[in-house]
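Asker: Submitted below is the structure of interest, expressed as structure tokens.
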Amino acid sequence: MSSNSLTRRQVLTRGSLFGMAALAGPSFLAACTPGGSTSPTGAPTSLNGLWVPYDNLINASKASMKQWIGANVPVDIATVPWADWDRTIRAFPQQQTVPSIAIVDGPQLRGYAANGILKSLSDYFPKADLDDFLPGTVPPAQWKGEFYGPATNESSQAVVYNKDILDKHGITPPSSLDKAWTWPQFREIMLDIQKKERASRGDDQFWGMFLGQGNFIGGGTYTGLNIIRSSGKKGSKTFKAISDDGLSVAGYADTSEAYDAYQFLQDLYQSDQLTPQSKSPDFFYNNQIAFWLTNPDVAFSGIAEKAPSMNWGVTPHPYFVTPIVQTDSYHLGVPANAAHADEAAQLIQSMVSEENALILAETQKAIPVRRSLLGKLDYLKEANFQVFVDTVADWGTPRPLTPGYSEYDAVYAPMLSDISTGGDIATLVPRAVDQIDTQLARYKSLV
Amino acid sequence: MISGSVKKRRVRSPLTSARNAALLLLPTLLLIAIYKYGPIGQAVVASGQSFSVAGIPLGWVGLGNYERALADQVFLQSLGLTVAFAAIKIPVQLALGFSLAMFLFQSTKLNGFFRVIIITPAVTPIAIVGIIFLFLFDREVGLTNAVLTAFGTGRVGWLTEPHAAQFVVIFASIWRDAGFAMLFYLAGLTAIPQEVLEASRVDGANSWQRSTKILLPMLQRSTQLAAVSTTVAAFQYFAPIFVLTRGGPQNATNVAAYNIYQQAFVFYDQGFANAMAVVLLAVLVVVTAFELYLLRSRWEY
Amino acid sequence: MSVTSSKQKLNHRTPLARAGSIIVRLLLLLLFLLPIYLAVVSAFRPNGDIFRYGGTLAWQTFIPVPFTLVNFQEAWALPNFPIQIVNTAVLALVQATATVALALLAAFALARIRFRFRGLIFYLILITMFIPFEALAAPLFLIVKDLGQLNSFWGLLLPWIAAPIAIFILRQAIADIPASFDEAVMLDGGSLRHIFTVVIVPSVWPAMLTAWLTTFIFSWDSFLWPLIIIQDPAKQLAQVGIVSLINPNEVHYGTLFAASLIVTIPVVVMFLLLQRYYQEGTVASGLK
């Protein structure tokens, strides 16, 4: 804990220096934009925000708002559980009162933009900003040339491992991307450890790995899809996963390479029994799992809270042919029918200004949204974090870009889950592809 | 004590006033028309339209949505599942309710305790029942697999293997509603004169004969009531499926109600969803009418 | 097992039958009590322990050591959970009361007043009992949306308070009161209102209680409807709010069960308190 706060103080001192320079930008804009909070008529007394109920993100967001609030009005933050998120946002157009500012999930942004749910924020984010935002976070937020909102931070994925368990078996995982394991190598290692651990424990409550955040067996479209896409060459249809217009997966999700990867995924769960068919990563905190494929937000906060004494490390995401890690995170958006939309947009602008984006990332110990800040946060250089940062830089790719991501996800994630739980791949994949294409076709008129 | 001579004065009594009847019935009829019959009309109208992903009607498509529905393997399968789940649930639940009522009929304190245990799930919100079963049948930390592994068999993917998941969903639903069926039979047994119960015992009939040959026919009315109320509930599997399986694995528990929910509220395809709803309603009307016909003998109001 | 031998002259029971009875009782405990017991126990243990001890059979699987109340604190601290409990309770109370009030009026008219099409109207009301709501959730949503009742208390309440089952129960009960009672009131110069307040209501209160309790449980049980029409978490019902906790990054069984316990206890207690009347009402209305 003490080393943490030291780092933090250093960062803050350094940050405030260059923050002074950045300060002028947003506040200047705020002062002269008509309809801002300085306007005597129709000025809000507070803004309403809707957030996902994750304390880390909320605390970081509040910290990054301080500067804007100091010059303007307070922001009231309400939350909705993640399971309700998409339908809550989709209901905005039908509602009388909507929040002025809302968290939206990156891959869903195009769909919200296409459906007119969100307001374009292009006027608030000039090209200089878009160039500085990490590339994984920009294309998902763009629709027909407009920009709909910056990310709060960038995510990444890698394999977190329990060092004590691996030491016991003499395994030292690679820590640089160029030495990353391939999936077959990784599988062999896991099988070996699992066999020995189960033998010494005398039960079957130990596994090689846990895949993803736990919301879907099979890893869903965030984690599971990495495995499938990495089986194609860079730029191949398998790697792309969806057509360029985002309206079809036929020929992309059902290539022969993809089928091999689906089979591999199924084997991980079925014949190899390498991962528990349960939805919680708690096993990892309990030393019942050796490897955990996850993102830094979940790993750092989860381990700190649930297993603070664990000795752990990070190794790059495994791959088949092309290393790929899907990134992007939560974005900040303004509903199209929001009251005080202009103030809300200025608030967002201020939250991701160089100075505040640093606070936003630093408070939640995440990868900042701005490339220019990567070198300014010391924790990013810690060994465990370095792997995640390198991954974003070299392997980061957005999830499939489509306005119908919500529908795509609602079909594809259960398909991966059905595959992982032993379903017939030859039946499941064509059916899912067909279903996804039917749903995506409804967006044709909007593209 | 009340003389019969007053009967002739009824002619202009408020008891024959249509106006009074209308006033008393108006709120009920209005609500029934809007919220019970309205959806049927609305479904027919909406099923002829296509909707945008934002839920806005785009125009008429004739029978297009019906053609899509009847060509959709997943939907046809979900209709079959709906009927099959009900066909399994109703008889099992009635038999269980009857057996429990027979077993716990004597009003002793111990039986009272057991009745409370059995009825508690019936008043527990169905969503909570779903959560209890989610835990009970969790592949890694659920009790069922803990017991199975203790006996040396492998773990069963209760919620991840199609037939096992179907079993769990039906089991959860029956577990939950068995107490209701028991209540109907207990009430029926209370209405049977004590002498009949005693007599059947003295006759030396064993308990099985007593149950089936003598009491079951006397409990026909209970059976009818329980069957009718179970039928309505037996088509409503949504909550346990939403909590336990989300229609999976591999659509094994994707009953029509869940399928329609997905089309309407996950894919926002209201036209297609409403066409499916009309087809489902037609199927359920036929099935329910058939069941009422079987039970017709004394089902009258 | 001494209880079974006393009242009902069961002394002729063989030891075999008694052993069978004990086995059946154990099976019933296993089947009906154990799942609930495990859920309750899990509410009182740290989430990590649920995963540590759940997978294998040990005494810790059943006994919560260490014991903790942290799940209840977490459940109570969930955003909107306390207000959602209030929503559930208010809806159940209002819905049950409004349903009984409407049903009483309708049942009175249907049982006592003679008018044209009475049979047809009763039939048209009653038949809606067999329309499975889940089949028609999508069109009902469109109707409620057109009426501007989405995301509102009215949207939760209005579709249900004209309840054919309640009308049926109460109509049966009213029909059982001899018609001569009405005439006695009329003879004394009483109006329809007097018949209603003096004759009907005092005689049918067990049936009213049955209908009230049935509706209360029905309302507390509602899931699909609030799920689709309520978007604002502060207006949502607790049983839906709890389930939406399942899908995030982990299954937090401890909090889930603590919250579930808080939601379930009121309705179970209400039922146990009124159970006697409920059963009497069932017998009176349905089985005579």
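Please note that chains go A, B, ... in the order of the structure tokens, that every chain numbers its residues from 1, and that ligands are numbered from 1 in the order shown.
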For chain C, which residues have at least one atom within 6 Å of chain B, if we go by only C-alpha atoms? Write them as a PDB file with C-alpha atoms, in the first residue's frame, please.
Answerer:
```pdb
ATOM      1  CA  PHE C  51     -16.499 -21.432  -3.676  1.00  0.00           C
ATOM      2  CA  GLY C  54     -19.216 -25.853  -2.176  1.00  0.00           C
ATOM      3  CA  GLY C  55     -17.538 -28.283  -4.530  1.00  0.00           C
ATOM      4  CA  THR C  56     -16.982 -31.167  -2.169  1.00  0.00           C
ATOM      5  CA  LEU C  57     -18.895 -32.676   0.716  1.00  0.00           C
ATOM      6  CA  LEU C 105     -67.906  -4.758  -7.123  1.00  0.00           C
ATOM      7  CA  ALA C 106     -67.839  -6.844 -10.279  1.00  0.00           C
ATOM      8  CA  ALA C 109     -73.031  -7.328  -9.968  1.00  0.00           C
ATOM      9  CA  ILE C 113     -78.027  -8.286 -10.297  1.00  0.00           C
ATOM     10  CA  ARG C 114     -79.951  -9.818 -13.159  1.00  0.00           C
ATOM     11  CA  PHE C 115     -79.234  -8.188 -16.502  1.00  0.00           C
ATOM     12  CA  PHE C 130     -56.504 -18.877 -19.466  1.00  0.00           C
ATOM     13  CA  GLU C 134     -46.002 -14.648 -21.027  1.00  0.00           C
ATOM     14  CA  ALA C 135     -47.248 -15.382 -24.536  1.00  0.00           C
ATOM     15  CA  PRO C 139     -48.017  -6.878 -27.465  1.00  0.00           C
ATOM     16  CA  LEU C 140     -48.962  -5.876 -23.919  1.00  0.00           C
ATOM     17  CA  PRO C 159     -52.800  -4.469 -16.319  1.00  0.00           C
ATOM     18  CA  ALA C 162     -58.948  -6.615 -13.084  1.00  0.00           C
ATOM     19  CA  ASP C 221     -43.785 -12.941  -7.689  1.00  0.00           C
ATOM     20  CA  THR C 264     -38.485 -13.445   0.486  1.00  0.00           C
ATOM     21  CA  VAL C 283     -62.295 -24.651   0.439  1.00  0.00           C
TER      22      VAL C 283
END
```
Asker: Using only C-alpha atoms, tabulate the residues of chain A lying at most 6 Å from any atom of chain B, each with its closest atom pair and that distance in Å to one decimal, by chain and increasing residue number, as CSV.
Answerer:
```
residue,atom,partner,partner_atom,distance
A:Glu407,CA,B:Phe267,CA,5.9
A:Asp418,CA,B:Pro249,CA,5.6
A:Thr421,CA,B:Thr160,CA,5.6
```
Asker: Only C-alpha atoms, please: the residues just picked out, written as a short mmCIF file (atom, residue, chain, number, x, y, z; two decimals), in the first residue's frame.
Answerer:
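The resulting selection.cif:
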```cif
data_model
loop_
_atom_site.label_atom_id
_atom_site.label_comp_id
_atom_site.auth_asym_id
_atom_site.auth_seq_id
_atom_site.Cartn_x
_atom_site.Cartn_y
_atom_site.Cartn_z
CA GLU A 407 -27.42 -8.27 -31.48
CA ASP A 418 -22.69 -23.65 -26.17
CA THR A 421 -20.19 -26.76 -22.93
#
```
Asker: As number ranges by chain, please: every residue in stretch 120-286 of chain A that a backbone DSSP assignment puts in alpha helix (DSSP H).
Answerer: A: 127-132, 163-168, 183-201, 225-229, 237-240, 256-269, 282-285
Asker: Please identify every residue of chain C that has at least one atom no more than 9 Å from any atom of chain A, counting only C-alpha atoms, and report them as a count of residues only.
Answerer: 27
Asker: Excluding same-chain residues fewer than 5 positions from A:Gln142, what lies within 9 Å of it counting only C-alpha atoms, as a list in words?
Answerer: Leu109, Arg110, Ala113, Phe147, Tyr148 and Gly149 of chain A
Asker: Write down as JSON, numbers by chain the residues belonging to stretch 52-241 of chain B that are assigned strand (DSSP E) by DSSP computed on the backbone.
Answerer: {"B": [57, 58, 59, 60]}
Asker: One decimal, in Å: what's the spacing between atom CA of C:Leu213 and atom CA of C:Phe122?
Answerer: 22.6 Å
Asker: Could you state the separation of atom CA of A:Met209 and atom CA of A:Gly136 in Å, given to one decimal place?
Answerer: 26.4 Å
Asker: Could you tell me how far atom CA of A:Gly208 sits from atom CA of C:Leu38, in Å to one decimal place?
Answerer: 28.6 Å
Asker: Quick one: residues within 8 Å of A:Leu166, only C-alpha atoms counted, chain neighbours fewer than 5 positions away excluded, as a list in words?
Answerer: Tyr161, Ile171, Thr172, Ile193 and Ala290 of chain A
Asker: Take the residues that were just selected and, keeping N, CA and C atoms, output them as an mmCIF file, in the first residue's frame.
Answerer:
```cif
data_model
loop_
_atom_site.group_PDB
_atom_site.id
_atom_site.type_symbol
_atom_site.label_atom_id
_atom_site.label_comp_id
_atom_site.auth_asym_id
_atom_site.auth_seq_id
_atom_site.Cartn_x
_atom_site.Cartn_y
_atom_site.Cartn_z
ATOM 1 N N TYR A 161 -1.153 -14.950 -13.602
ATOM 2 C CA TYR A 161 -0.905 -16.285 -13.051
ATOM 3 C C TYR A 161 -0.500 -16.244 -11.581
ATOM 4 N N ILE A 171 7.772 -23.550 -13.540
ATOM 5 C CA ILE A 171 7.384 -22.857 -14.780
ATOM 6 C C ILE A 171 7.612 -21.355 -14.612
ATOM 7 N N THR A 172 8.348 -20.754 -15.572
ATOM 8 C CA THR A 172 8.481 -19.300 -15.575
ATOM 9 C C THR A 172 7.913 -18.779 -16.888
ATOM 10 N N ILE A 193 0.362 -28.931 -15.143
ATOM 11 C CA ILE A 193 0.178 -28.386 -13.796
ATOM 12 C C ILE A 193 -1.119 -28.907 -13.169
ATOM 13 N N ALA A 290 -4.506 -21.851 -11.865
ATOM 14 C CA ALA A 290 -3.140 -21.376 -12.092
ATOM 15 C C ALA A 290 -3.111 -20.096 -12.925
#
```
Asker: Mind checking which residues fall within 12 Å of C:Ala77, counting only C-alpha atoms, ignoring those fewer than 5 positions away in the same chain, and posting them as a list in words?
Answerer: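 Near neighbours after the sequence-gap exclusion: Pro53 of chain A; Val70, Asn71, Phe72, Pro82, Ile83, Thr255, Ala258 and Ala259 of chain C.
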